[in-house]
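Pasting my_file32.txt here (compact mmCIF, C-alpha atoms and all ligand atoms):
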# COMPACT_ATOMS: atom_id res chain seq x y z
CA MET A 14 171.40 42.83 -159.79
CA VAL A 15 168.69 42.09 -157.23
CA ARG A 16 167.46 44.56 -154.64
CA GLN A 17 165.85 42.65 -151.81
CA VAL A 18 164.11 43.38 -148.47
CA THR A 19 162.57 41.03 -145.85
CA CYS A 20 159.98 42.09 -143.24
CA THR A 21 157.57 40.45 -140.82
CA ALA A 22 154.05 41.55 -139.83
CA PRO A 23 151.81 40.26 -137.05
CA VAL A 24 148.17 39.13 -137.19
CA ASN A 25 145.38 41.13 -135.62
CA ILE A 26 142.25 39.71 -134.04
CA ALA A 27 139.12 41.85 -134.24
CA VAL A 28 137.02 42.55 -131.17
CA ILE A 29 134.51 44.46 -133.32
CA LYS A 30 134.24 42.50 -136.53
CA TYR A 31 134.40 43.71 -140.12
CA TRP A 32 132.00 41.66 -142.23
CA GLY A 33 130.69 43.22 -145.43
CA LYS A 34 131.94 45.39 -148.29
CA ARG A 35 130.21 48.37 -149.88
CA ASP A 36 132.81 48.33 -152.68
CA THR A 37 134.31 44.94 -153.47
CA SER A 38 137.24 46.07 -155.61
CA LEU A 39 138.45 48.94 -153.39
CA ILE A 40 137.54 46.86 -150.30
CA LEU A 41 135.46 49.52 -148.59
CA PRO A 42 133.61 48.08 -145.58
CA THR A 43 129.97 48.39 -144.51
CA ASN A 44 131.04 49.05 -140.91
CA SER A 45 134.01 50.27 -138.92
CA SER A 46 135.92 47.67 -136.86
CA LEU A 47 138.49 47.41 -134.08
CA SER A 48 141.19 44.87 -133.32
CA VAL A 49 144.18 43.98 -131.20
CA THR A 50 147.46 43.42 -133.05
CA LEU A 51 149.30 40.45 -131.54
CA SER A 52 153.02 40.46 -130.84
CA GLN A 53 155.42 39.89 -133.76
CA ASP A 54 156.89 37.01 -131.73
CA ASP A 55 153.65 35.07 -132.10
CA LEU A 56 151.61 34.53 -135.28
CA HIS A 57 153.21 36.41 -138.16
CA SER A 58 153.93 36.51 -141.88
CA ARG A 59 157.46 36.88 -143.18
CA THR A 60 157.86 38.25 -146.69
CA THR A 61 160.85 38.87 -148.92
CA VAL A 62 160.41 41.09 -151.98
CA GLY A 63 163.13 41.17 -154.62
CA ILE A 64 163.21 43.47 -157.65
CA ALA A 65 165.65 43.14 -160.56
CA PRO A 66 166.05 44.69 -164.02
CA GLU A 67 166.65 41.22 -165.55
CA TRP A 68 163.08 40.21 -164.56
CA SER A 69 161.49 43.23 -166.31
CA ASN A 70 160.35 41.29 -169.34
CA GLU A 71 158.84 38.45 -167.32
CA SER A 72 155.65 38.26 -165.28
CA ASP A 73 155.97 38.93 -161.55
CA ARG A 74 156.10 35.71 -159.48
CA MET A 75 155.18 34.72 -155.93
CA TRP A 76 155.75 31.70 -153.65
CA LEU A 77 153.43 31.28 -150.67
CA ASN A 78 154.50 28.79 -147.97
CA GLY A 79 156.92 27.18 -150.41
CA THR A 80 154.54 26.73 -153.34
CA GLU A 81 154.33 29.01 -156.37
CA SER A 82 151.02 30.86 -156.43
CA ALA A 83 149.61 32.62 -159.53
CA ILE A 84 149.59 36.43 -159.36
CA ALA A 85 147.63 37.31 -162.52
CA THR A 86 144.43 35.58 -161.36
CA ASN A 87 144.54 37.21 -157.92
CA ALA A 88 143.02 40.66 -158.52
CA ARG A 89 143.72 41.89 -154.99
CA LEU A 90 147.39 40.98 -155.19
CA VAL A 91 147.60 42.62 -158.63
CA ASN A 92 146.04 45.80 -157.13
CA CYS A 93 148.63 45.90 -154.33
CA LEU A 94 151.52 45.54 -156.79
CA LYS A 95 150.02 48.11 -159.17
CA MET A 96 149.52 50.63 -156.36
CA SER A 97 153.09 50.27 -155.01
CA ARG A 98 154.59 50.52 -158.52
CA ALA A 99 152.44 53.59 -159.28
CA GLN A 100 153.62 55.24 -156.05
CA ARG A 101 157.24 54.52 -157.02
CA LYS A 102 156.66 55.81 -160.56
CA ALA A 103 155.24 59.09 -159.19
CA LEU A 104 158.52 59.60 -157.28
CA GLU A 105 160.58 58.79 -160.39
CA ASP A 106 158.51 61.20 -162.52
CA ALA A 107 159.12 63.96 -159.99
CA ASP A 108 162.87 63.32 -159.80
CA SER A 109 164.65 62.11 -162.95
CA GLY A 110 167.74 61.23 -160.89
CA LEU A 111 166.00 58.28 -159.19
CA PRO A 112 166.57 54.71 -160.40
CA ARG A 113 163.63 53.35 -162.44
CA TRP A 114 162.75 50.55 -159.99
CA SER A 115 159.08 50.78 -161.00
CA GLN A 116 160.05 49.11 -164.29
CA TRP A 117 161.85 46.17 -162.69
CA GLY A 118 160.29 42.71 -162.28
CA ILE A 119 159.15 41.55 -158.83
CA ARG A 120 159.62 38.23 -156.99
CA ILE A 121 157.81 37.60 -153.68
CA VAL A 122 158.45 34.83 -151.15
CA SER A 123 156.04 34.77 -148.21
CA GLU A 124 155.38 32.36 -145.39
CA ASN A 125 153.19 32.22 -142.31
CA ASN A 126 154.34 30.54 -139.08
CA PHE A 127 150.73 29.26 -138.56
CA PRO A 128 147.95 27.63 -140.66
CA THR A 129 146.99 29.72 -143.71
CA ALA A 130 143.32 30.60 -144.43
CA ALA A 131 142.08 28.71 -141.36
CA GLY A 132 140.40 31.75 -139.80
CA LEU A 133 143.58 32.87 -138.03
CA ALA A 134 143.91 36.17 -139.87
CA SER A 135 146.61 35.01 -142.31
CA SER A 136 145.42 37.45 -144.98
CA ALA A 137 145.75 40.32 -142.49
CA SER A 138 149.40 39.68 -141.66
CA GLY A 139 150.18 38.54 -145.22
CA TYR A 140 148.98 41.64 -147.07
CA ALA A 141 150.19 44.06 -144.36
CA CYS A 142 153.63 42.46 -144.68
CA LEU A 143 153.54 42.56 -148.49
CA VAL A 144 152.68 46.27 -148.86
CA TYR A 145 155.12 47.22 -146.11
CA THR A 146 157.95 45.24 -147.73
CA LEU A 147 157.11 46.71 -151.17
CA ALA A 148 157.27 50.20 -149.63
CA GLN A 149 160.73 49.40 -148.21
CA VAL A 150 162.09 47.93 -151.43
CA PHE A 151 160.77 50.89 -153.48
CA GLU A 152 161.79 53.44 -150.76
CA LEU A 153 158.28 54.93 -150.70
CA PRO A 154 157.90 57.79 -148.17
CA LEU A 155 154.48 56.59 -146.91
CA THR A 156 152.71 57.33 -143.61
CA GLY A 157 151.00 54.62 -141.54
CA ALA A 158 147.64 55.75 -142.97
CA ASP A 159 148.99 55.48 -146.56
CA LEU A 160 150.33 51.97 -145.88
CA SER A 161 147.03 51.04 -144.28
CA ARG A 162 145.09 52.03 -147.45
CA ASN A 163 147.57 50.04 -149.59
CA ALA A 164 147.10 46.97 -147.35
CA ARG A 165 143.30 47.37 -147.50
CA LEU A 166 143.46 46.71 -151.26
CA GLY A 167 144.75 43.20 -150.47
CA SER A 168 142.49 42.30 -147.57
CA GLY A 169 140.29 44.54 -145.45
CA SER A 170 141.57 43.33 -142.10
CA ALA A 171 145.19 43.81 -143.30
CA CYS A 172 144.80 47.59 -143.01
CA ARG A 173 144.73 47.15 -139.21
CA SER A 174 147.95 45.03 -139.01
CA ILE A 175 150.00 48.06 -140.13
CA PHE A 176 149.71 49.39 -136.57
CA GLY A 177 150.57 47.74 -133.26
CA GLY A 178 148.41 47.73 -130.14
CA PHE A 179 144.71 48.57 -130.31
CA VAL A 180 143.64 49.59 -133.79
CA GLY A 181 140.43 50.97 -135.27
CA TRP A 182 139.49 50.91 -138.97
CA ASP A 183 137.33 53.88 -139.86
CA MET A 184 135.02 52.70 -142.64
CA GLY A 185 135.14 56.21 -144.19
CA GLN A 186 132.52 57.85 -146.40
CA SER A 187 134.38 58.60 -149.64
CA PRO A 188 133.61 56.42 -152.69
CA THR A 189 137.34 56.51 -153.55
CA GLY A 190 138.41 55.02 -150.20
CA ASP A 191 140.70 57.95 -149.36
CA ASP A 192 139.32 58.04 -145.81
CA SER A 193 138.94 54.29 -145.22
CA GLN A 194 142.03 53.47 -143.18
CA ALA A 195 143.21 52.24 -139.79
CA TYR A 196 144.31 54.38 -136.85
CA GLN A 197 145.93 53.49 -133.55
CA VAL A 198 143.58 53.75 -130.55
CA ALA A 199 146.39 52.93 -128.08
CA PRO A 200 149.94 51.57 -128.52
CA GLU A 201 151.03 48.01 -127.62
CA THR A 202 152.56 49.32 -124.37
CA HIS A 203 149.19 50.68 -123.19
CA TRP A 204 147.69 47.53 -121.62
CA PRO A 205 150.49 44.98 -121.01
CA ASP A 206 148.26 43.08 -118.60
CA LEU A 207 145.96 41.96 -121.44
CA GLU A 208 146.92 38.68 -123.10
CA ALA A 209 145.54 36.54 -125.92
CA LEU A 210 145.34 32.75 -125.93
CA ILE A 211 144.66 31.00 -129.24
CA LEU A 212 142.79 27.71 -129.17
CA VAL A 213 143.33 25.95 -132.49
CA VAL A 214 140.21 23.85 -132.97
CA SER A 215 140.97 23.06 -136.60
CA ASP A 216 143.83 24.04 -138.90
CA LEU A 217 141.93 23.10 -142.06
CA LYS A 218 141.23 25.77 -144.70
CA LYS A 219 137.81 27.31 -144.06
CA GLY A 220 134.86 26.12 -146.17
CA VAL A 221 133.50 29.54 -147.16
CA SER A 222 136.09 32.26 -147.85
CA SER A 223 135.49 35.57 -146.08
CA THR A 224 135.21 37.30 -149.49
CA ALA A 225 132.36 35.03 -150.63
CA GLY A 226 130.75 34.80 -147.20
CA MET A 227 130.57 38.48 -146.40
CA GLN A 228 129.01 39.42 -149.74
CA THR A 229 126.21 36.87 -149.30
CA THR A 230 125.64 38.26 -145.79
CA VAL A 231 125.39 41.86 -147.11
CA GLU A 232 122.95 40.77 -149.81
CA THR A 233 120.69 38.53 -147.72
CA SER A 234 120.86 39.28 -143.98
CA SER A 235 118.51 41.88 -142.49
CA LEU A 236 120.25 41.38 -139.13
CA ALA A 237 123.51 42.54 -140.75
CA GLN A 238 121.83 45.77 -141.93
CA HIS A 239 120.66 46.44 -138.36
CA ARG A 240 124.18 45.69 -137.10
CA PHE A 241 125.80 48.15 -139.56
CA GLN A 242 123.42 50.99 -138.75
CA ALA A 243 122.34 50.64 -135.13
CA ILE A 244 124.95 48.55 -133.34
CA VAL A 245 128.51 49.03 -134.56
CA PRO A 246 128.83 52.86 -134.42
CA LYS A 247 127.88 52.87 -130.72
CA ARG A 248 130.03 49.82 -129.95
CA MET A 249 133.10 51.44 -131.54
CA ARG A 250 132.83 54.40 -129.16
CA GLN A 251 132.23 52.17 -126.11
CA MET A 252 135.13 49.88 -127.03
CA GLU A 253 137.58 52.74 -127.53
CA GLN A 254 136.63 54.11 -124.10
CA ALA A 255 136.97 50.66 -122.48
CA ILE A 256 140.45 50.23 -123.99
CA LEU A 257 141.63 53.68 -122.94
CA ALA A 258 140.31 53.04 -119.40
CA LYS A 259 141.72 49.44 -119.38
CA ASP A 260 138.22 48.38 -118.32
CA PHE A 261 138.40 44.60 -118.87
CA ASP A 262 134.76 43.88 -117.95
CA THR A 263 133.42 46.22 -120.65
CA PHE A 264 136.10 45.16 -123.16
CA ALA A 265 135.18 41.50 -122.58
CA GLU A 266 131.43 41.99 -122.77
CA ILE A 267 131.59 43.94 -126.06
CA THR A 268 134.10 41.43 -127.51
CA MET A 269 131.85 38.44 -126.76
CA ARG A 270 128.65 40.20 -127.85
CA ASP A 271 130.26 41.26 -131.11
CA SER A 272 131.58 37.79 -131.89
CA ASN A 273 128.13 36.37 -131.13
CA GLN A 274 126.44 38.92 -133.38
CA PHE A 275 128.87 38.39 -136.24
CA HIS A 276 128.16 34.64 -136.17
CA ALA A 277 124.43 35.38 -135.83
CA THR A 278 124.60 37.37 -139.09
CA CYS A 279 126.34 34.35 -140.68
CA LEU A 280 123.42 32.18 -139.57
CA ASP A 281 120.99 34.84 -140.85
CA THR A 282 122.72 34.73 -144.26
CA PHE A 283 120.82 32.76 -146.89
CA PRO A 284 121.99 30.10 -147.51
CA PRO A 285 123.45 30.13 -143.96
CA ILE A 286 127.17 30.06 -143.19
CA PHE A 287 128.52 28.08 -140.22
CA TYR A 288 132.01 28.90 -139.06
CA LEU A 289 131.69 27.63 -135.47
CA ASN A 290 131.63 23.90 -134.77
CA ASP A 291 130.65 21.90 -131.67
CA THR A 292 134.06 22.45 -130.05
CA SER A 293 133.78 26.22 -130.64
CA ARG A 294 130.38 26.24 -128.96
CA LEU A 295 131.77 24.22 -126.06
CA ILE A 296 134.51 26.85 -125.63
CA ILE A 297 131.80 29.55 -125.49
CA GLN A 298 130.02 27.54 -122.78
CA VAL A 299 133.20 27.05 -120.73
CA VAL A 300 134.03 30.78 -120.81
CA THR A 301 130.42 31.73 -120.04
CA ALA A 302 130.33 29.30 -117.15
CA ILE A 303 133.56 30.44 -115.50
CA ASN A 304 132.55 34.10 -115.84
CA CYS A 305 129.14 33.33 -114.43
CA LEU A 306 130.21 30.93 -111.68
CA SER A 307 132.98 33.16 -110.39
CA GLY A 308 130.77 36.24 -110.51
CA ARG A 309 133.36 38.27 -112.43
CA THR A 310 134.71 38.41 -115.94
CA GLN A 311 137.70 36.10 -116.14
CA ALA A 312 138.00 35.88 -119.92
CA ALA A 313 136.45 36.86 -123.26
CA TYR A 314 136.16 34.66 -126.36
CA THR A 315 136.04 35.76 -129.97
CA PHE A 316 135.86 33.77 -133.23
CA ASP A 317 136.68 34.95 -136.75
CA ALA A 318 135.61 33.18 -139.94
CA GLY A 319 136.54 29.74 -138.62
CA PRO A 320 136.12 27.50 -135.56
CA ASN A 321 139.32 28.64 -133.75
CA ALA A 322 138.93 30.67 -130.58
CA VAL A 323 140.93 33.63 -129.35
CA ILE A 324 140.62 34.15 -125.60
CA TYR A 325 141.46 37.59 -124.21
CA ALA A 326 142.17 37.72 -120.47
CA PRO A 327 144.26 39.55 -117.87
CA LYS A 328 147.70 37.94 -117.52
CA ALA A 329 146.96 36.71 -113.99
CA HIS A 330 144.02 34.59 -115.22
CA MET A 331 145.97 32.82 -117.97
CA PRO A 332 147.59 29.92 -116.02
CA TYR A 333 144.19 28.95 -114.61
CA LEU A 334 142.47 29.31 -118.00
CA ILE A 335 145.10 27.18 -119.75
CA GLN A 336 144.61 24.43 -117.14
CA LEU A 337 140.87 24.65 -117.53
CA PHE A 338 140.94 24.37 -121.34
CA ALA A 339 143.45 21.51 -121.12
CA TYR A 340 141.03 19.74 -118.76
CA PHE A 341 137.98 20.17 -121.00
CA PHE A 342 139.79 19.65 -124.29
CA PRO A 343 142.48 17.04 -123.65
CA GLY A 344 144.32 15.85 -126.76
CA SER A 345 142.45 16.18 -130.02
CA ALA A 346 139.78 18.78 -130.69
CA GLY A 347 136.24 17.94 -129.73
CA SER A 348 136.97 15.41 -127.00
CA GLY A 349 135.76 17.63 -124.15
CA TYR A 350 132.33 17.72 -122.65
CA PHE A 351 130.68 20.52 -120.74
CA SER A 352 127.14 20.59 -119.38
CA ASP A 353 125.17 23.79 -119.92
CA SER A 354 123.16 23.18 -116.77
CA TYR A 355 125.56 25.06 -114.48
CA GLN A 356 124.11 27.58 -112.05
CA CYS A 357 125.35 31.09 -111.51
CA LEU A 358 126.79 31.27 -108.00
CA PRO A 359 127.84 34.29 -105.93
CA GLU A 360 131.31 35.78 -106.36
CA GLY A 361 134.26 33.85 -104.98
CA THR A 362 132.87 30.36 -105.32
CA VAL A 363 135.26 29.32 -108.07
O1 LIG B 1 140.04 40.72 -144.28
P1 LIG B 1 139.27 39.49 -144.55
O2 LIG B 1 138.66 39.49 -145.91
O3 LIG B 1 140.06 38.25 -144.28
O4 LIG B 1 138.03 39.44 -143.54
C1 LIG B 1 138.20 39.32 -142.14
C2 LIG B 1 136.93 39.15 -141.45
C3 LIG B 1 137.00 38.76 -139.97
O5 LIG B 1 138.26 38.22 -139.65
C4 LIG B 1 135.95 37.70 -139.69
C5 LIG B 1 136.69 39.94 -139.07
C6 LIG B 1 137.77 40.98 -138.92
O6 LIG B 1 137.41 42.13 -138.68
O7 LIG B 1 138.96 40.65 -138.96
Using structure tokens, write down the structure that the file contains.
Amino acid sequence: MVRQVTCTAPVNIAVIKYWGKRDTSLILPTNSSLSVTLSQDDLHSRTTVGIAPEWSNESDRMWLNGTESAIATNARLVNCLKMSRAQRKALEDADSGLPRWSQWGIRIVSENNFPTAAGLASSASGYACLVYTLAQVFELPLTGADLSRNARLGSGSACRSIFGGFVGWDMGQSPTGDDSQAYQVAPETHWPDLEALILVVSDLKKGVSSTAGMQTTVETSSLAQHRFQAIVPKRMRQMEQAILAKDFDTFAEITMRDSNQFHATCLDTFPPIFYLNDTSRLIIQVVTAINCLSGRTQAAYTFDAGPNAVIYAPKAHMPYLIQLFAYFFPGSAGSGYFSDSYQCLPEGTV
């Protein structure tokens, strides 16, 4: 007898970046962060969890994108499974009439409809989907905040994919992580005019994992310490206000500044970490130029731990932006050229 549930979860792309842990096993961050959850129709993970009594005496097993992937050596995955089983067991202990699903073996099949571990937030959608599906299969009566803390044990950014729309992750203060969870700033219906365009520069797996990269940054970058203390708390407040007011200019400026500063802390890490490549920098120049030349903010770029760009822009700007990127980057990545010697002209000239 197999009990089985399938769910999907979307990716989220941070506009104020999380980069650094104060507790590596509970995944407690060194700063709060804020992201936009993309639509389920776009980049998503799809996970099926099956539980069965006949698997009880075997190890749990998982297949990721069609290939079996070891569970026992993945501490974060083990933590997610342990937490969900413990939550189920607490229900069973409180009510002896409930089936003992916590003792059954688990099988997981998960796939992403986009490149995995290429800096496109696959761990965010993957772990959010896993803990949500486990909660469904075990019939756990969890709130969004509870699910968010479960997802955080798999991957920090996953705690934000539990909610749709505009989502903050409060870093919290407690050493146990009880207050380190995501919250919805505004629902997905709040700002339908805002769209995201993903420019896939490379679909290769990133060279430095975010886990390894962020710890070296915390240990070696003095810029990161300044960012945690002096920059992010203020930016979180400004960004929440900009979102609530649908103020694209402020949203865009903070998004681009925060992406720049995150990558600056990577460069300030010793030894340095480079996630952007020449094509990424060219994309930054194109966006900067069109904003500057047209005298108003047409678009905002942001880059996670990889060279791929996410462009946020009002819907009306998208057809023009897509044409522009197709012009500068025809065919394969890196074939475009853009001079940085443009001049800023008065409004309306582009
Ligand atoms: O959750 P992780 O370990 O994949 O780290 C994500 C880090 C960034 O994507 C670079 C920033 C963020 O806030 O999502």
Please write out the residues within 8 Å of ligand LIG 1 (chain B) as a ChimeraX atom specification, counting all atoms listed in the file.
-> /A:25-32,46-48,132-137,168-171,222-224,275,316-318
Limited to C-alpha atoms, could you put the picked residues into a file as a PDB file, keeping the file's coordinate frame?
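The file below, selection-v1.pdb, is the result:
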ATOM      1  CA  ASN A  25     145.380  41.130-135.620  1.00  0.00           C
ATOM      2  CA  ILE A  26     142.250  39.710-134.040  1.00  0.00           C
ATOM      3  CA  ALA A  27     139.120  41.850-134.240  1.00  0.00           C
ATOM      4  CA  VAL A  28     137.020  42.550-131.170  1.00  0.00           C
ATOM      5  CA  ILE A  29     134.510  44.460-133.320  1.00  0.00           C
ATOM      6  CA  LYS A  30     134.240  42.500-136.530  1.00  0.00           C
ATOM      7  CA  TYR A  31     134.400  43.710-140.120  1.00  0.00           C
ATOM      8  CA  TRP A  32     132.000  41.660-142.230  1.00  0.00           C
ATOM      9  CA  SER A  46     135.920  47.670-136.860  1.00  0.00           C
ATOM     10  CA  LEU A  47     138.490  47.410-134.080  1.00  0.00           C
ATOM     11  CA  SER A  48     141.190  44.870-133.320  1.00  0.00           C
ATOM     12  CA  GLY A 132     140.400  31.750-139.800  1.00  0.00           C
ATOM     13  CA  LEU A 133     143.580  32.870-138.030  1.00  0.00           C
ATOM     14  CA  ALA A 134     143.910  36.170-139.870  1.00  0.00           C
ATOM     15  CA  SER A 135     146.610  35.010-142.310  1.00  0.00           C
ATOM     16  CA  SER A 136     145.420  37.450-144.980  1.00  0.00           C
ATOM     17  CA  ALA A 137     145.750  40.320-142.490  1.00  0.00           C
ATOM     18  CA  SER A 168     142.490  42.300-147.570  1.00  0.00           C
ATOM     19  CA  GLY A 169     140.290  44.540-145.450  1.00  0.00           C
ATOM     20  CA  SER A 170     141.570  43.330-142.100  1.00  0.00           C
ATOM     21  CA  ALA A 171     145.190  43.810-143.300  1.00  0.00           C
ATOM     22  CA  SER A 222     136.090  32.260-147.850  1.00  0.00           C
ATOM     23  CA  SER A 223     135.490  35.570-146.080  1.00  0.00           C
ATOM     24  CA  THR A 224     135.210  37.300-149.490  1.00  0.00           C
ATOM     25  CA  PHE A 275     128.870  38.390-136.240  1.00  0.00           C
ATOM     26  CA  PHE A 316     135.860  33.770-133.230  1.00  0.00           C
ATOM     27  CA  ASP A 317     136.680  34.950-136.750  1.00  0.00           C
ATOM     28  CA  ALA A 318     135.610  33.180-139.940  1.00  0.00           C
TER      29      ALA A 318
END
Given the choices A:Thr60, A:Ser72, A:Asn163, A:Ser115, which gets closest to Met96 in chain A if the distance is worked out from all atoms listed in the file?
->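 The shortest atom-to-atom distance to Met96 in chain A comes from A:Asn163.
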Selected residue, from A:Phe338, A:Phe179, A:Phe241, A:Phe287, that lies nearest to His203 in chain A when counting only C-alpha atoms |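 Of the candidates, the smallest distance to His203 in chain A is held by A:Phe179.
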Which residue gives the smallest distance to Ala209 in chain A among A:Leu51, A:Ala65, A:Val15, A:Val24, with only C-alpha atoms counted?
->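 Smallest separation from Ala209 in chain A among the options: A:Leu51.
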Separation of CA of Asn126 in chain A from CA of Ser138 in chain A in Å =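 Interatomic distance, CA of Ser138 in chain A to CA of Asn126 in chain A: 10.7 Å.
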Determine, counting all atoms listed in the file, which protein, DNA and RNA residues have an atom within 9 Å of an atom of Leu143 in chain A; residues of the same chain fewer than 6 positions away are not included. Present the result as a CSV table (one decimal) with C-alpha atoms, in the coordinates of the input.
chain,number,residue,atom,x,y,z
A,20,CYS,CA,160.0,42.1,-143.2
A,21,THR,CA,157.6,40.4,-140.8
A,22,ALA,CA,154.0,41.6,-139.8
A,58,SER,CA,153.9,36.5,-141.9
A,59,ARG,CA,157.5,36.9,-143.2
A,60,THR,CA,157.9,38.2,-146.7
A,61,THR,CA,160.8,38.9,-148.9
A,62,VAL,CA,160.4,41.1,-152.0
A,93,CYS,CA,148.6,45.9,-154.3
A,121,ILE,CA,157.8,37.6,-153.7
A,123,SER,CA,156.0,34.8,-148.2
A,164,ALA,CA,147.1,47.0,-147.4
For the point (137.8, 47.7, -146.8) in the file's frame, write as a ChimeraX atom specification all residues with an atom no more than 10 Å away, counting all atoms listed in the file.
-> /A:31-45,162,164-172,182-185,190,193-195
Provide the CA of Gly157 in chain A to CA of Ile175 in chain A distance in Å, to one decimal place.
->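 Going from CA of Gly157 in chain A over to CA of Ile175 in chain A, I get 6.8 Å.
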Would you mind telling me which residue in A:Asp159, A:Lys102, A:Ser174, A:Gly118 lies nearest to Gln53 in chain A when using all atoms listed in the file?
->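 Selected residue with least distance to Gln53 in chain A: A:Ser174.
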Using all atoms listed in the file, tabulate the residues of range 297-327 of chain A lying at most 12 Å from any atom of range 249-265 of chain A, each with its closest atom pair and that distance in Å to one decimal, by chain and increasing residue number, as a tab-separated table.
residue	atom	partner	partner_atom	distance
A:Val300	CA	A:Ala265	CA	10.9
A:Thr301	CA	A:Ala265	CA	11.2
A:Asn304	CA	A:Asp262	CA	10.2
A:Gly308	CA	A:Asp262	CA	11.4
A:Arg309	CA	A:Asp262	CA	8.0
A:Thr310	CA	A:Asp262	CA	5.8
A:Gln311	CA	A:Asp262	CA	8.5
A:Ala312	CA	A:Ala265	CA	6.8
A:Ala313	CA	A:Ala265	CA	4.9
A:Tyr314	CA	A:Ala265	CA	7.9
A:Thr315	CA	A:Ala265	CA	9.4
A:Val323	CA	A:Ala265	CA	11.9
A:Ile324	CA	A:Ala265	CA	9.6
A:Tyr325	CA	A:Ala265	CA	7.6
A:Ala326	CA	A:Phe261	CA	8.0
A:Pro327	CA	A:Phe261	CA	7.8
Give the answer as one residue: which of A:Cys142, A:Val122, A:Leu153, A:Leu147 has the shortest atom-to-atom distance to Ala103 in chain A, using only C-alpha atoms?
->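 Among the listed residues, the smallest separation from Ala103 in chain A belongs to A:Leu153.
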Would you mind reading off the distance between CA of Gly63 in chain A and CA of Arg120 in chain A, one decimal, in Å?
->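 CA of Arg120 in chain A lies 5.2 Å from CA of Gly63 in chain A.
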Between A:Asp55, A:Val49, A:Leu236, A:Ile286, which is the closest to Pro200 in chain A once you count all atoms listed in the file?
-> A:Val49
Long-range neighbours of Leu111 in chain A as a list in words, 10 Å cut-off, only C-alpha atoms, 4 positions minimum in chain =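 Result of the neighbour search: Arg101, Lys102, Leu104, Glu105, Asp106 and Ala107 of chain A.
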Got a sec: who's within 10 Å of Cys279 in chain A, counting all atoms listed in the file, leaving out chain neighbours fewer than 3 positions off, as a list in words?
->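 The neighbour list is Trp32, Gly226, Met227, Thr229, Thr230, Val231, Thr233, Ser234, Leu236, Ala237, Asn273, Gln274, Phe275, His276, Thr282, Phe283, Pro284, Pro285, Ile286, Phe287, Tyr288 and Ala318 of chain A.
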Can you take the partial range 81-93 of chain A, add N, CA and C atoms, and return it as an mmCIF file, in the coordinates of the input?
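Full text of result29.cif as output:
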data_model
loop_
_atom_site.group_PDB
_atom_site.id
_atom_site.type_symbol
_atom_site.label_atom_id
_atom_site.label_comp_id
_atom_site.auth_asym_id
_atom_site.auth_seq_id
_atom_site.Cartn_x
_atom_site.Cartn_y
_atom_site.Cartn_z
ATOM 1 N N GLU A 81 154.579 27.857 -155.506
ATOM 2 C CA GLU A 81 154.330 29.010 -156.370
ATOM 3 C C GLU A 81 152.831 29.252 -156.510
ATOM 4 N N SER A 82 152.438 30.500 -156.426
ATOM 5 C CA SER A 82 151.020 30.860 -156.430
ATOM 6 C C SER A 82 150.830 31.913 -157.529
ATOM 7 N N ALA A 83 149.798 31.733 -158.372
ATOM 8 C CA ALA A 83 149.610 32.620 -159.530
ATOM 9 C C ALA A 83 149.280 34.044 -159.068
ATOM 10 N N ILE A 84 149.871 35.028 -159.691
ATOM 11 C CA ILE A 84 149.590 36.430 -159.360
ATOM 12 C C ILE A 84 148.459 36.963 -160.238
ATOM 13 N N ALA A 85 148.541 36.664 -161.552
ATOM 14 C CA ALA A 85 147.630 37.310 -162.520
ATOM 15 C C ALA A 85 146.162 37.060 -162.209
ATOM 16 N N THR A 86 145.835 35.905 -161.627
ATOM 17 C CA THR A 86 144.430 35.580 -161.360
ATOM 18 C C THR A 86 143.983 36.073 -159.985
ATOM 19 N N ASN A 87 144.883 36.705 -159.252
ATOM 20 C CA ASN A 87 144.540 37.210 -157.920
ATOM 21 C C ASN A 87 144.444 38.741 -157.995
ATOM 22 N N ALA A 88 143.224 39.225 -158.246
ATOM 23 C CA ALA A 88 143.020 40.660 -158.520
ATOM 24 C C ALA A 88 143.503 41.530 -157.369
ATOM 25 N N ARG A 89 143.351 41.045 -156.130
ATOM 26 C CA ARG A 89 143.720 41.890 -154.990
ATOM 27 C C ARG A 89 145.237 42.032 -154.874
ATOM 28 N N LEU A 90 145.920 40.936 -155.188
ATOM 29 C CA LEU A 90 147.390 40.980 -155.190
ATOM 30 C C LEU A 90 147.883 41.898 -156.321
ATOM 31 N N VAL A 91 147.246 41.763 -157.485
ATOM 32 C CA VAL A 91 147.600 42.620 -158.630
ATOM 33 C C VAL A 91 147.410 44.090 -158.237
ATOM 34 N N ASN A 92 146.298 44.406 -157.543
ATOM 35 C CA ASN A 92 146.040 45.800 -157.130
ATOM 36 C C ASN A 92 147.132 46.322 -156.191
ATOM 37 N N CYS A 93 147.577 45.468 -155.262
ATOM 38 C CA CYS A 93 148.630 45.900 -154.330
ATOM 39 C C CYS A 93 149.937 46.206 -155.075
#
